[in-house]
$ cat target.txt   # compact mmCIF, C-alpha atoms
# COMPACT_ATOMS: atom_id res chain seq x y z
CA MET P 1 13.41 54.68 13.88
CA ASN P 2 10.66 54.56 11.26
CA LYS P 3 11.21 52.62 8.08
CA LEU P 4 11.37 54.34 4.72
CA THR P 5 7.84 54.08 3.34
CA HIS P 6 8.75 54.43 -0.34
CA PHE P 7 10.46 51.03 -0.43
CA ASP P 8 8.72 47.66 -0.29
CA ALA P 9 9.91 44.61 1.68
CA SER P 10 12.34 43.66 -1.09
CA GLY P 11 13.84 47.16 -1.30
CA GLN P 12 12.07 48.22 -4.49
CA ALA P 13 10.82 51.80 -4.79
CA HIS P 14 7.03 52.07 -4.88
CA MET P 15 4.22 54.54 -4.42
CA VAL P 16 2.79 54.25 -0.91
CA ASN P 17 -0.77 52.91 -0.83
CA VAL P 18 -2.91 55.53 0.89
CA GLY P 19 -6.23 53.99 -0.15
CA ASN P 20 -7.15 52.81 3.34
CA LYS P 21 -6.07 55.96 5.15
CA PRO P 22 -8.82 58.30 6.38
CA ASN P 23 -9.27 61.74 4.89
CA THR P 24 -8.15 64.38 7.38
CA HIS P 25 -7.48 68.11 7.15
CA ARG P 26 -3.76 68.37 6.48
CA ILE P 27 -1.60 71.48 6.64
CA ALA P 28 2.09 71.99 5.92
CA ILE P 29 4.12 75.17 6.29
CA ALA P 30 7.54 75.46 4.66
CA ALA P 31 10.03 78.29 4.25
CA GLY P 32 13.26 79.30 2.54
CA LYS P 33 15.14 82.41 1.48
CA ILE P 34 17.23 83.95 -1.25
CA THR P 35 20.07 86.39 -0.56
CA MET P 36 21.33 88.85 -3.16
CA LEU P 37 23.44 91.92 -3.75
CA PRO P 38 22.15 95.14 -2.18
CA GLU P 39 21.50 96.65 -5.63
CA THR P 40 19.43 93.65 -6.67
CA PHE P 41 17.48 93.74 -3.42
CA LYS P 42 16.69 97.43 -3.91
CA MET P 43 15.48 96.76 -7.46
CA VAL P 44 13.10 94.03 -6.27
CA GLU P 45 11.98 96.04 -3.23
CA SER P 46 11.21 99.18 -5.26
CA GLY P 47 9.49 97.28 -8.06
CA SER P 48 11.80 98.89 -10.63
CA HIS P 49 12.85 95.62 -12.29
CA LYS P 50 12.29 95.88 -16.04
CA LYS P 51 10.64 92.43 -16.06
CA GLY P 52 7.89 93.62 -13.72
CA ASP P 53 6.64 92.55 -10.31
CA VAL P 54 9.26 89.97 -9.29
CA LEU P 55 7.55 89.00 -6.04
CA GLY P 56 4.08 88.77 -7.59
CA ILE P 57 5.33 86.52 -10.36
CA ALA P 58 7.27 84.38 -7.88
CA ARG P 59 4.12 84.03 -5.75
CA ILE P 60 2.10 82.76 -8.71
CA ALA P 61 4.94 80.42 -9.77
CA GLY P 62 5.09 78.92 -6.27
CA ILE P 63 1.35 78.33 -6.13
CA GLN P 64 1.39 76.80 -9.60
CA ALA P 65 4.31 74.55 -8.65
CA SER P 66 2.49 73.27 -5.56
CA LYS P 67 -0.26 72.01 -7.86
CA ARG P 68 2.27 70.20 -10.07
CA THR P 69 4.34 68.53 -7.35
CA SER P 70 3.31 64.99 -8.33
CA ASP P 71 4.57 65.71 -11.88
CA LEU P 72 8.01 66.62 -10.48
CA ILE P 73 8.54 64.19 -7.58
CA PRO P 74 8.11 60.63 -8.91
CA LEU P 75 6.42 58.95 -5.93
CA CYS P 76 4.19 61.82 -4.78
CA HIS P 77 0.45 61.37 -5.01
CA PRO P 78 -1.53 63.94 -6.98
CA LEU P 79 -3.48 65.96 -4.41
CA ALA P 80 -6.56 68.12 -4.54
CA LEU P 81 -5.19 71.14 -2.73
CA THR P 82 -7.84 73.16 -0.90
CA HIS P 83 -5.62 76.17 -0.21
CA VAL P 84 -2.11 77.45 -0.91
CA SER P 85 -0.81 80.78 0.32
CA LEU P 86 2.64 82.21 -0.25
CA GLU P 87 4.11 85.16 1.64
CA MET P 88 7.32 87.02 0.89
CA HIS P 89 9.17 88.95 3.59
CA LEU P 90 11.91 91.39 2.65
CA ASN P 91 14.90 91.70 4.99
CA PRO P 92 16.96 94.77 4.05
CA ALA P 93 19.53 94.10 6.79
CA GLU P 94 20.73 90.97 4.98
CA ASN P 95 19.49 91.73 1.44
CA SER P 96 17.33 88.64 1.49
CA ILE P 97 13.78 87.65 0.71
CA SER P 98 12.13 84.94 2.76
CA CYS P 99 9.33 82.87 1.35
CA GLN P 100 6.79 81.01 3.48
CA VAL P 101 4.15 78.69 2.05
CA ARG P 102 1.09 77.18 3.70
CA ALA P 103 -0.52 74.30 1.81
CA GLU P 104 -3.74 72.54 2.79
CA THR P 105 -5.82 69.60 1.66
CA ILE P 106 -8.41 67.21 2.97
CA GLY P 107 -7.20 63.76 2.07
CA PRO P 108 -5.32 60.59 2.96
CA THR P 109 -1.78 61.97 2.61
CA GLY P 110 0.14 65.07 3.63
CA VAL P 111 1.05 68.25 1.79
CA GLU P 112 4.66 68.68 2.94
CA MET P 113 6.08 68.11 -0.53
CA GLU P 114 3.67 70.61 -2.08
CA ALA P 115 4.69 73.32 0.40
CA LEU P 116 8.41 72.61 -0.07
CA THR P 117 8.09 72.55 -3.86
CA ALA P 118 6.27 75.88 -3.83
CA VAL P 119 9.05 77.49 -1.76
CA GLN P 120 11.78 76.19 -4.06
CA VAL P 121 10.06 77.28 -7.27
CA ALA P 122 9.21 80.72 -5.90
CA LEU P 123 12.87 81.25 -4.97
CA LEU P 124 14.00 79.90 -8.35
CA THR P 125 11.65 82.35 -10.06
CA ILE P 126 13.21 85.27 -8.19
CA TYR P 127 16.62 83.98 -9.26
CA ASP P 128 15.49 83.62 -12.88
CA MET P 129 14.06 87.11 -13.03
CA CYS P 130 17.14 88.72 -11.44
CA LYS P 131 20.01 86.62 -12.78
CA ALA P 132 20.86 89.14 -15.52
CA VAL P 133 22.03 91.58 -12.82
CA ASP P 134 23.11 89.14 -10.07
CA ARG P 135 24.20 85.57 -10.84
CA GLY P 136 25.60 85.15 -7.32
CA MET P 137 22.26 84.96 -5.48
CA VAL P 138 22.11 82.15 -2.93
CA MET P 139 19.00 80.14 -2.08
CA GLY P 140 18.88 78.23 1.16
CA ASP P 141 17.36 77.44 4.52
CA VAL P 142 14.55 75.56 2.79
CA LYS P 143 12.74 73.50 5.39
CA LEU P 144 9.46 72.23 6.69
CA LEU P 145 8.37 74.38 9.64
CA GLU P 146 5.31 72.44 10.67
CA LYS P 147 2.67 69.95 9.61
CA SER P 148 -0.61 68.72 10.99
CA GLY P 149 -3.17 66.07 10.20
CA GLY P 150 -3.03 62.37 9.58
CA LYS P 151 -1.90 59.55 11.81
CA SER P 152 1.34 61.26 12.86
CA GLY P 153 -0.55 64.38 13.98
CA GLU P 154 1.26 67.63 14.71
CA TRP P 155 4.93 68.28 14.09
CA LYS P 156 6.94 71.50 14.47
CA ALA P 157 10.57 72.13 13.63
CA GLU P 158 12.84 72.95 16.52
CA LYS P 159 13.77 76.61 16.66

$ encode --input "target.txt" --output "structure tokens"
Amino acid sequence: MNKLTHFDASGQAHMVNVGNKPNTHRIAIAAGKITMLPETFKMVESGSHKKGDVLGIARIAGIQASKRTSDLIPLCHPLALTHVSLEMHLNPAENSISCQVRAETIGPTGVEMEALTAVQVALLTIYDMCKAVDRGMVMGDVKLLEKSGGKSGEWKAEK
């Protein structure tokens, strides 16, 4: 089992030193979903929400959040992201919206936290925009799907 890298030998929390790690192309893909009432789903799907384009605003919020991850997660390094894309998939059968984020950088540390943060904030933005009509929405299934780059190489979640 690997040791927790955010603690030093005496058990104190610290920021991992990535100064000697080589720059590599790093990619992380994360996903999550929000489930809502059928009426709420139809409002988002049709674009008839009085606040505007819910999915478009959530997409921008997720991308913006990925760039601010180090401001939110105390021991994350600030990264120069080279690309962030965010896709929403509507599932009428379960009145849910899935969000998938792909984050990329060329650097000494990974972008998993940036992808996961983007997913969470995009889902929270959908909740915020729709809470006036549906406070019972449920966000979940947030997870890293895959990552590549760096010393640990490729990783994919089990299906």

$ closest_residue --input "target.txt" --among "P:Arg59, P:Arg26, P:Lys21, P:Lys33" --to "Ser148 in chain P" --atoms "all atoms listed in the file"
P:Arg26

$ residues_around --input "target.txt" --residues "Ala28 in chain P" --least-positions-apart "5" --cutoff "6 Å" --atoms "all atoms listed in the file" --output "PyMOL selection string"
chain P and resi 102-103+111-112+146-147

$ closest_residue --input "target.txt" --among "P:Met88, P:Met113, P:Leu144, P:Gly107" --to "Pro74 in chain P" --atoms "all atoms listed in the file"
P:Met113

$ residues_around --input "target.txt" --residues "Ala93 in chain P" --least-positions-apart "3" --cutoff "10 Å" --atoms "only C-alpha atoms" --output "PDB file with C-alpha atoms, in the frame of the given file"
ATOM      1  CA  PRO P  38      22.150  95.140  -2.180  1.00  0.00           C
ATOM      2  CA  LEU P  90      11.910  91.390   2.650  1.00  0.00           C
ATOM      3  CA  SER P  96      17.330  88.640   1.490  1.00  0.00           C
TER       4      SER P  96
END

$ residues_around --input "target.txt" --residues "Val121 in chain P" --least-positions-apart "3" --cutoff "7 Å" --atoms "only C-alpha atoms" --output "list in words"
Ala61, Gly62, Ala65, Thr117, Ala118, Leu124 and Thr125 of chain P

$ closest_residue --input "target.txt" --among "P:Ala132, P:Leu145, P:Met139, P:Leu116" --to "Thr69 in chain P" --atoms "only C-alpha atoms"
P:Leu116

$ axis_aligned_box --input "target.txt" --around "range 106-122 of chain P" --padding-each-side "4 Å" --output "AutoDock Vina command-line options"
--center_x 1.7 --center_y 70.7 --center_z -1.8 --size_x 28.2 --size_y 28.1 --size_z 18.9

$ atom_distance --input "target.txt" --atom1 "CA of Cys76 in chain P" --atom2 "CA of Glu104 in chain P"
15.3 Å

$ residues_around --input "target.txt" --residues "Cys99 in chain P" --least-positions-apart "3" --cutoff "8 Å" --atoms "all atoms listed in the file" --output "PDB file with C-alpha atoms, in the coordinates of the input"
ATOM      1  CA  ALA P  31      10.030  78.290   4.250  1.00  0.00           C
ATOM      2  CA  GLY P  32      13.260  79.300   2.540  1.00  0.00           C
ATOM      3  CA  LYS P  33      15.140  82.410   1.480  1.00  0.00           C
ATOM      4  CA  LEU P  86       2.640  82.210  -0.250  1.00  0.00           C
ATOM      5  CA  GLU P  87       4.110  85.160   1.640  1.00  0.00           C
ATOM      6  CA  MET P  88       7.320  87.020   0.890  1.00  0.00           C
ATOM      7  CA  HIS P  89       9.170  88.950   3.590  1.00  0.00           C
ATOM      8  CA  VAL P 119       9.050  77.490  -1.760  1.00  0.00           C
ATOM      9  CA  ALA P 122       9.210  80.720  -5.900  1.00  0.00           C
ATOM     10  CA  LEU P 123      12.870  81.250  -4.970  1.00  0.00           C
TER      11      LEU P 123
END

$ atom_distance --input "target.txt" --atom1 "CA of Val54 in chain P" --atom2 "CA of Asp134 in chain P"
13.9 Å

$ atom_distance --input "target.txt" --atom1 "CA of Cys130 in chain P" --atom2 "CA of Ile29 in chain P"
25.8 Å

$ closest_residue --input "target.txt" --among "P:Ser46, P:Thr40, P:Gln64, P:Asn91" --to "Gly136 in chain P" --atoms "all atoms listed in the file"
P:Thr40

$ residues_near_point --input "target.txt" --point "(20.3, 97.0, -7.3)" --cutoff "12 Å" --atoms "all atoms listed in the file" --output "list of chain:residue names"
P:Met36, P:Leu37, P:Pro38, P:Glu39, P:Thr40, P:Phe41, P:Lys42, P:Met43, P:Val44, P:Glu45, P:Ser46, P:Gly47, P:Ser48, P:His49, P:Lys50, P:Asn95, P:Cys130, P:Lys131, P:Ala132, P:Val133, P:Asp134

$ closest_residue --input "target.txt" --among "P:Val138, P:Ile34, P:Thr82, P:Glu114" --to "Ser66 in chain P" --atoms "all atoms listed in the file"
P:Glu114

$ closest_residue --input "target.txt" --among "P:Ala30, P:Pro22, P:Thr109, P:Asp71" --to "Val142 in chain P" --atoms "all atoms listed in the file"
P:Ala30
